[in-house]
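Here's model-v5.csv, which has CSV, C-alpha atoms and all ligand atoms:
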```csv
chain,number,residue,atom,x,y,z
A,21,MET,CA,-6.2,3.3,-7.8
A,22,ILE,CA,-4.6,0.0,-7.2
A,23,ASN,CA,-2.1,-1.2,-4.6
A,24,ILE,CA,1.2,-2.3,-6.2
A,25,GLY,CA,4.1,-4.3,-4.9
A,26,CYS,CA,6.4,-7.2,-5.6
A,27,HIS,CA,7.6,-10.4,-4.2
A,28,LEU,CA,10.0,-9.8,-1.3
A,29,SER,CA,12.4,-12.0,0.7
A,30,SER,CA,11.2,-12.9,4.2
A,31,SER,CA,14.6,-13.5,5.6
A,32,GLY,CA,14.6,-10.3,7.7
A,33,GLY,CA,11.2,-11.0,9.1
A,34,PHE,CA,7.8,-9.2,8.8
A,35,LEU,CA,8.5,-5.6,9.7
A,36,ALA,CA,11.6,-5.6,7.5
A,37,MET,CA,9.5,-6.6,4.5
A,38,GLY,CA,7.1,-3.7,5.1
A,39,LYS,CA,10.0,-1.2,5.2
A,40,HIS,CA,11.6,-2.8,2.2
A,41,ALA,CA,8.3,-2.4,0.3
A,42,THR,CA,8.2,1.3,1.1
A,43,GLU,CA,11.8,1.7,-0.1
A,44,LEU,CA,10.7,0.3,-3.5
A,45,GLY,CA,7.7,2.5,-3.7
A,46,ALA,CA,5.3,-0.4,-3.0
A,47,ASP,CA,2.1,-0.4,-0.8
A,48,THR,CA,1.6,-4.1,-0.8
A,49,PHE,CA,3.9,-7.1,-1.3
A,50,ALA,CA,4.1,-10.9,-1.5
A,51,PHE,CA,6.3,-13.3,0.4
A,52,PHE,CA,6.8,-17.0,0.6
A,53,THR,CA,5.2,-18.5,3.7
A,54,ARG,CA,8.2,-20.9,3.9
A,55,ASN,CA,11.1,-22.1,1.8
A,56,PRO,CA,9.6,-22.1,-1.7
A,57,ARG,CA,11.5,-25.2,-3.0
A,58,GLY,CA,11.7,-27.1,0.2
A,59,GLY,CA,8.9,-26.5,2.7
A,60,SER,CA,10.5,-25.9,6.0
A,61,ALA,CA,9.0,-22.9,7.9
A,62,LYS,CA,10.7,-20.5,10.3
A,63,GLU,CA,9.2,-19.9,13.7
A,64,ILE,CA,7.1,-16.7,13.6
A,65,ASP,CA,7.9,-13.9,16.1
A,66,PRO,CA,4.4,-12.6,17.1
A,67,GLU,CA,5.8,-9.1,18.1
A,68,ASP,CA,7.4,-8.8,14.6
A,69,ALA,CA,4.2,-9.8,12.9
A,70,LYS,CA,2.3,-7.3,15.0
A,71,ALA,CA,4.8,-4.6,14.2
A,72,LEU,CA,4.1,-5.2,10.5
A,73,VAL,CA,0.4,-5.0,10.9
A,74,GLU,CA,0.8,-1.6,12.6
A,75,TYR,CA,3.3,-0.4,10.0
A,76,MET,CA,0.9,-1.4,7.2
A,77,GLU,CA,-1.9,0.5,8.8
A,78,LYS,CA,0.2,3.6,9.3
A,79,GLU,CA,1.5,3.5,5.7
A,80,HIS,CA,-1.9,2.7,4.2
A,81,PHE,CA,-0.9,-0.6,2.7
A,82,GLY,CA,-3.3,-2.8,0.7
A,83,LYS,CA,-3.8,-6.5,1.5
A,84,LEU,CA,-0.7,-8.7,1.4
A,85,VAL,CA,-0.7,-11.7,-1.0
A,86,ALA,CA,1.4,-14.4,0.7
A,87,HIS,CA,2.5,-17.3,-1.6
A,88,ALA,CA,2.6,-21.0,-0.7
A,89,PRO,CA,5.7,-22.9,-1.6
A,90,TYR,CA,6.0,-24.4,-5.1
A,91,THR,CA,6.5,-27.8,-3.7
A,92,MET,CA,3.0,-27.9,-2.2
A,93,ASN,CA,0.8,-30.2,-4.3
A,94,VAL,CA,-2.3,-31.3,-2.4
A,95,CYS,CA,-3.4,-33.4,-5.4
A,96,ALA,CA,-0.1,-35.3,-5.8
A,97,ALA,CA,-0.4,-39.0,-6.8
A,98,LYS,CA,2.2,-40.0,-4.3
A,99,PRO,CA,0.6,-40.4,-0.8
A,100,ASP,CA,3.6,-39.0,1.1
A,101,ILE,CA,3.8,-35.8,-1.0
A,102,LYS,CA,0.1,-35.3,-0.8
A,103,GLU,CA,0.1,-35.7,3.0
A,104,PHE,CA,3.1,-33.4,3.4
A,105,SER,CA,1.3,-30.8,1.2
A,106,ARG,CA,-2.0,-31.0,3.1
A,107,ASN,CA,-0.1,-30.4,6.4
A,108,MET,CA,1.8,-27.4,4.9
A,109,LEU,CA,-1.5,-25.9,3.7
A,110,LYS,CA,-3.1,-26.4,7.1
A,111,GLU,CA,-0.1,-25.0,9.0
A,112,ASP,CA,0.2,-22.0,6.6
A,113,ILE,CA,-3.4,-21.0,7.0
A,114,LEU,CA,-2.9,-21.1,10.8
A,115,ARG,CA,0.4,-19.1,10.5
A,116,MET,CA,-1.4,-16.4,8.4
A,117,GLU,CA,-3.4,-15.5,11.5
A,118,TYR,CA,-0.3,-13.7,12.8
A,119,VAL,CA,-1.0,-11.1,10.1
A,120,PRO,CA,-4.8,-11.3,10.1
A,121,GLY,CA,-7.0,-10.1,7.2
A,122,ASN,CA,-4.6,-10.8,4.3
A,123,TYR,CA,-4.5,-13.2,1.4
A,124,TYR,CA,-2.9,-16.5,1.0
A,125,ASN,CA,-2.4,-17.6,-2.6
A,126,PHE,CA,-1.5,-21.1,-3.8
A,127,HIS,CA,-1.2,-23.0,-7.1
A,128,PRO,CA,-4.1,-25.5,-7.1
A,129,GLY,CA,-1.7,-28.3,-8.0
A,130,SER,CA,-0.6,-30.7,-10.7
A,131,HIS,CA,-2.7,-33.8,-11.2
A,132,VAL,CA,0.4,-35.7,-12.5
A,133,GLY,CA,-1.6,-37.9,-14.9
A,134,GLN,CA,-4.6,-38.6,-12.6
A,135,GLY,CA,-6.7,-36.1,-14.6
A,136,ALA,CA,-8.2,-32.8,-13.4
A,137,GLU,CA,-11.5,-34.6,-12.5
A,138,GLU,CA,-9.7,-36.6,-9.9
A,139,ALA,CA,-7.6,-33.7,-8.7
A,140,ILE,CA,-10.3,-31.1,-8.2
A,141,PRO,CA,-12.1,-32.9,-5.3
A,142,MET,CA,-8.7,-33.6,-3.7
A,143,ILE,CA,-7.9,-29.9,-3.7
A,144,ALA,CA,-11.2,-29.0,-2.3
A,145,ASP,CA,-10.9,-31.7,0.4
A,146,ALA,CA,-7.5,-30.3,1.4
A,147,LEU,CA,-9.0,-26.8,1.7
A,148,ASN,CA,-12.0,-28.0,3.7
A,149,ASP,CA,-9.6,-29.8,6.0
A,150,ALA,CA,-7.3,-26.8,6.4
A,151,MET,CA,-9.7,-23.8,6.5
A,152,PHE,CA,-11.7,-22.9,9.6
A,153,GLU,CA,-14.6,-20.7,10.4
A,154,GLU,CA,-12.7,-18.1,12.5
A,155,GLN,CA,-9.9,-17.5,10.0
A,156,LYS,CA,-9.3,-13.9,8.9
A,157,THR,CA,-7.4,-14.9,5.8
A,158,ILE,CA,-8.9,-15.3,2.3
A,159,VAL,CA,-7.4,-18.3,0.5
A,160,LEU,CA,-6.7,-17.6,-3.2
A,161,LEU,CA,-6.4,-20.1,-6.0
A,162,GLU,CA,-4.1,-18.8,-8.7
A,163,THR,CA,-5.1,-18.9,-12.4
A,164,MET,CA,-2.5,-21.2,-14.0
A,165,ALA,CA,-0.9,-21.3,-17.5
A,166,GLY,CA,-1.8,-24.9,-18.0
A,167,LYS,CA,1.8,-26.1,-18.1
A,168,GLY,CA,2.2,-29.9,-17.8
A,169,SER,CA,-0.7,-31.2,-15.7
A,170,GLU,CA,-1.5,-28.0,-13.8
A,171,VAL,CA,-5.0,-27.7,-12.4
A,172,GLY,CA,-6.6,-24.3,-12.7
A,173,ARG,CA,-5.8,-24.0,-16.4
A,174,ASN,CA,-9.1,-22.3,-17.0
A,175,PHE,CA,-11.8,-20.5,-15.1
A,176,GLU,CA,-14.0,-23.6,-15.1
A,177,GLU,CA,-11.5,-25.7,-13.2
A,178,LEU,CA,-11.1,-23.0,-10.5
A,179,LYS,CA,-14.9,-22.7,-10.3
A,180,ALA,CA,-15.2,-26.5,-9.8
A,181,ILE,CA,-12.8,-26.3,-6.8
A,182,ILE,CA,-14.6,-23.2,-5.3
A,183,ASP,CA,-18.0,-25.0,-5.7
A,184,ARG,CA,-16.7,-27.8,-3.4
A,185,VAL,CA,-15.2,-25.5,-0.7
A,186,GLU,CA,-17.4,-25.1,2.3
A,187,LEU,CA,-16.3,-21.7,3.6
A,188,LYS,CA,-17.4,-19.8,0.5
A,189,ASP,CA,-16.6,-16.3,1.9
A,190,LYS,CA,-13.0,-17.3,2.6
A,191,ILE,CA,-12.0,-18.6,-0.9
A,192,GLY,CA,-11.2,-16.6,-4.0
A,193,VAL,CA,-8.9,-16.2,-7.0
A,194,CYS,CA,-5.6,-14.5,-7.7
A,195,PHE,CA,-5.5,-13.6,-11.4
A,196,ASP,CA,-2.0,-13.9,-12.9
A,197,THR,CA,-1.8,-11.9,-16.1
A,198,CYS,CA,1.0,-14.1,-17.6
A,199,HIS,CA,-0.6,-17.3,-16.7
A,200,THR,CA,-4.1,-16.3,-17.9
A,201,TRP,CA,-2.7,-15.1,-21.2
A,202,ASP,CA,-0.6,-18.3,-21.6
A,203,GLY,CA,-3.7,-20.2,-20.7
A,204,GLY,CA,-5.5,-18.9,-23.8
A,205,TYR,CA,-7.3,-15.7,-22.6
A,206,ASP,CA,-6.8,-12.6,-24.7
A,207,VAL,CA,-5.7,-10.3,-21.9
A,208,VAL,CA,-4.1,-7.9,-24.5
A,209,GLY,CA,-6.8,-7.8,-27.2
A,210,ASN,CA,-9.9,-7.9,-25.1
A,211,ILE,CA,-9.5,-7.6,-21.3
A,212,ASP,CA,-13.2,-6.7,-21.1
A,213,ALA,CA,-14.2,-10.0,-22.6
A,214,VAL,CA,-11.8,-11.9,-20.3
A,215,LEU,CA,-13.2,-10.3,-17.2
A,216,ASP,CA,-16.7,-10.8,-18.5
A,217,GLU,CA,-15.9,-14.5,-18.9
A,218,PHE,CA,-14.4,-14.6,-15.4
A,219,ASP,CA,-17.6,-13.0,-14.1
A,220,LYS,CA,-19.9,-15.5,-15.9
A,221,VAL,CA,-17.9,-18.5,-14.8
A,222,ILE,CA,-16.6,-17.7,-11.3
A,223,GLY,CA,-18.0,-14.2,-10.4
A,224,LEU,CA,-15.9,-11.1,-10.2
A,225,ASP,CA,-16.6,-10.9,-6.4
A,226,LYS,CA,-14.1,-13.8,-6.2
A,227,LEU,CA,-11.3,-11.9,-7.8
A,228,TYR,CA,-9.3,-10.6,-4.8
A,229,ALA,CA,-5.7,-10.0,-6.2
A,230,LEU,CA,-3.6,-10.0,-9.3
A,231,HIS,CA,-0.1,-11.1,-10.2
A,232,LEU,CA,1.1,-8.6,-12.7
A,233,ASN,CA,3.6,-10.2,-15.1
A,234,ASP,CA,4.4,-9.8,-18.8
A,235,SER,CA,4.9,-13.0,-20.8
A,236,LYS,CA,7.7,-14.3,-22.9
A,237,ASN,CA,5.3,-16.3,-25.0
A,238,PRO,CA,2.2,-15.9,-27.2
A,239,MET,CA,-1.4,-16.4,-26.0
A,240,ASP,CA,-2.4,-20.0,-25.4
A,241,SER,CA,1.3,-21.2,-25.3
A,242,HIS,CA,0.9,-22.8,-21.8
A,243,LYS,CA,4.5,-22.0,-21.1
A,244,ASP,CA,4.6,-19.8,-17.9
A,245,ARG,CA,7.7,-17.8,-18.5
A,246,HIS,CA,7.4,-14.3,-16.9
A,247,GLU,CA,8.8,-11.3,-18.6
A,248,LYS,CA,9.6,-7.7,-17.4
A,249,ILE,CA,6.7,-5.3,-17.6
A,250,GLY,CA,6.3,-4.0,-21.2
A,251,GLU,CA,9.0,-6.2,-22.6
A,252,GLY,CA,6.9,-9.3,-23.4
A,253,LEU,CA,3.9,-10.1,-25.5
A,254,LEU,CA,1.4,-8.4,-23.2
A,255,GLY,CA,3.5,-5.2,-23.7
A,256,GLU,CA,2.8,-1.8,-22.4
A,257,GLU,CA,-0.7,-1.6,-23.8
A,258,GLY,CA,-1.7,-5.0,-22.4
A,259,ILE,CA,-0.4,-4.2,-18.9
A,260,ARG,CA,-1.9,-0.6,-19.0
A,261,ASN,CA,-5.3,-2.0,-19.9
A,262,VAL,CA,-5.2,-4.3,-16.8
A,263,ILE,CA,-4.0,-1.8,-14.2
A,264,THR,CA,-6.4,0.9,-15.3
A,265,HIS,CA,-9.4,-1.4,-15.7
A,266,PRO,CA,-12.4,0.0,-13.7
A,267,LEU,CA,-13.3,-3.4,-12.4
A,268,LEU,CA,-9.9,-4.1,-11.0
A,269,GLN,CA,-9.4,-0.9,-9.0
A,270,GLY,CA,-8.7,-1.2,-5.3
A,271,LYS,CA,-7.0,-4.6,-5.6
A,272,PRO,CA,-3.4,-5.6,-4.8
A,273,PHE,CA,-1.2,-6.1,-7.8
A,274,ILE,CA,2.0,-8.1,-7.3
A,275,LEU,CA,4.9,-8.1,-9.7
A,276,GLU,CA,6.6,-11.5,-10.2
A,277,THR,CA,8.8,-10.3,-13.0
A,278,PRO,CA,12.5,-11.3,-13.4
A,279,ASN,CA,14.0,-8.4,-11.4
A,280,GLU,CA,16.1,-7.5,-8.5
A,281,ASP,CA,15.3,-4.5,-6.2
A,282,ASP,CA,16.3,-1.8,-8.7
A,283,GLY,CA,14.2,-3.4,-11.5
A,284,TYR,CA,11.2,-3.7,-9.2
A,285,LYS,CA,11.5,-0.1,-8.0
A,286,ALA,CA,11.6,1.1,-11.7
A,287,GLU,CA,8.6,-1.1,-12.6
A,288,ILE,CA,6.6,0.1,-9.7
A,289,ALA,CA,7.3,3.7,-10.6
A,290,LEU,CA,6.4,3.0,-14.3
A,291,ILE,CA,3.1,1.4,-13.3
A,292,ARG,CA,2.3,4.4,-11.0
A,293,SER,CA,3.0,6.7,-13.9
A,294,TRP,CA,0.5,4.8,-16.1
A,295,MET,CA,-2.2,5.0,-13.4
A,296,VAL,CA,-2.7,8.7,-13.5
B,301,FE,FE,2.3,-18.3,-8.3
B,302,FE,FE,1.8,-15.9,-10.2
B,303,ZN,ZN,4.1,-18.2,-13.3
```
Could you take the file, read its structure, and then write that structure out as structure tokens?
Amino acid sequence: MINIGCHLSSSGGFLAMGKHATELGADTFAFFTRNPRGGSAKEIDPEDAKALVEYMEKEHFGKLVAHAPYTMNVCAAKPDIKEFSRNMLKEDILRMEYVPGNYYNFHPGSHVGQGAEEAIPMIADALNDAMFEEQKTIVLLETMAGKGSEVGRNFEELKAIIDRVELKDKIGVCFDTCHTWDGGYDVVGNIDAVLDEFDKVIGLDKLYALHLNDSKNPMDSHKDRHEKIGEGLLGEEGIRNVITHPLLQGKPFILETPNEDDGYKAEIALIRSWMV
């Protein structure tokens, strides 16, 4: 069994997201920790956060996979963007303690011409500055499609970041099926080999969550255009092989497909029908 959910709007607060997830047939979900394209964060209501934690327990939810804003780039070349991003990361990791024991996922960043070798130590440094011993959150680096100057385009780059992070038991990876496929890994033809490679390079114990997306583009295209489940180049077979894989059971799977509520509800039902 896996936990399955989708990305939800946080505009109604924490408990509202939990109830919304249930309405869609989900037992996990993702949300942006702050305005995804800006960066401003709403004040957290501790009572509302607590109500969600209790609700999730009662409804047997899996781990949540919060998502950092897209504007966050801790390896930016411009000092002001870098500083702003480092502060967001730090603040977000603190804010996650209101819903303790969940996951916080972020895009490692874009090196914007500086090169991945320059960016990797910057990303690790930002993490070491932001993470703290007592935190209950696991921070996840997302596998990227390698669009533009994205860092995390292959397992080796993620491993190089993880190697430099001090709190090893609080860092992991979120495996995005569209990105990994677009990044050149044959998720459709040989998921066993892809996971084997992941295990050799990073270690499967570091794989905490998945983003479940189909892709509009062929393998190795480095495009990052998500497609609805079963309608892209991963197709039903590719997605089925992922969700039923023995090594991936028990993990939260988050849909980031181009859908509204009705579409998500249908996709969640479809995925569940493939699980049995
Ligand atoms: Fe993402
Ligand atoms: Fe993703
Ligand atoms: Zn994407």
Just want the residues within 8 Å of ligand ZN 303 (chain B), written as a PyMOL selection string, counting all atoms listed in the file. chain A and resi 164-165+196+198-199+244-246+276
Would you work out the distance separating atom CA of His80 of chain A from atom CA of Asp234 of chain A, expressed in Å to one decimal? 26.9 Å
Have a look at A:Glu186, A:Glu111, A:Asp202, A:Glu162 and name the one nearest to ligand FE 301 (chain B); count all atoms listed in the file.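 With all atoms listed in the file as the atom set, the closest residue is A:Glu162.
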Show me which residues sit within 12 Å of ligand FE 301 (chain B) when counting only C-alpha atoms and all ligand atoms, and put them as number ranges by chain. A: 27, 50-52, 56, 85-92, 124-129, 160-165, 170, 172, 193-200, 229-233, 244-246, 274-277
Which residue gives the smallest distance to ligand FE 302 (chain B) among A:Leu147, A:Glu43, A:Gly223, A:Cys26, with all atoms listed in the file counted?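 Nearest candidate to ligand FE 302 (chain B) out of A:Leu147, A:Glu43, A:Gly223, A:Cys26: A:Cys26.
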Pick from A:Gly45, A:Asn261, A:Thr53, A:Val296, whichever lies nearest to Ser30 of chain A using all atoms listed in the file: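 Using all atoms listed in the file, Ser30 of chain A sits closest to A:Thr53.
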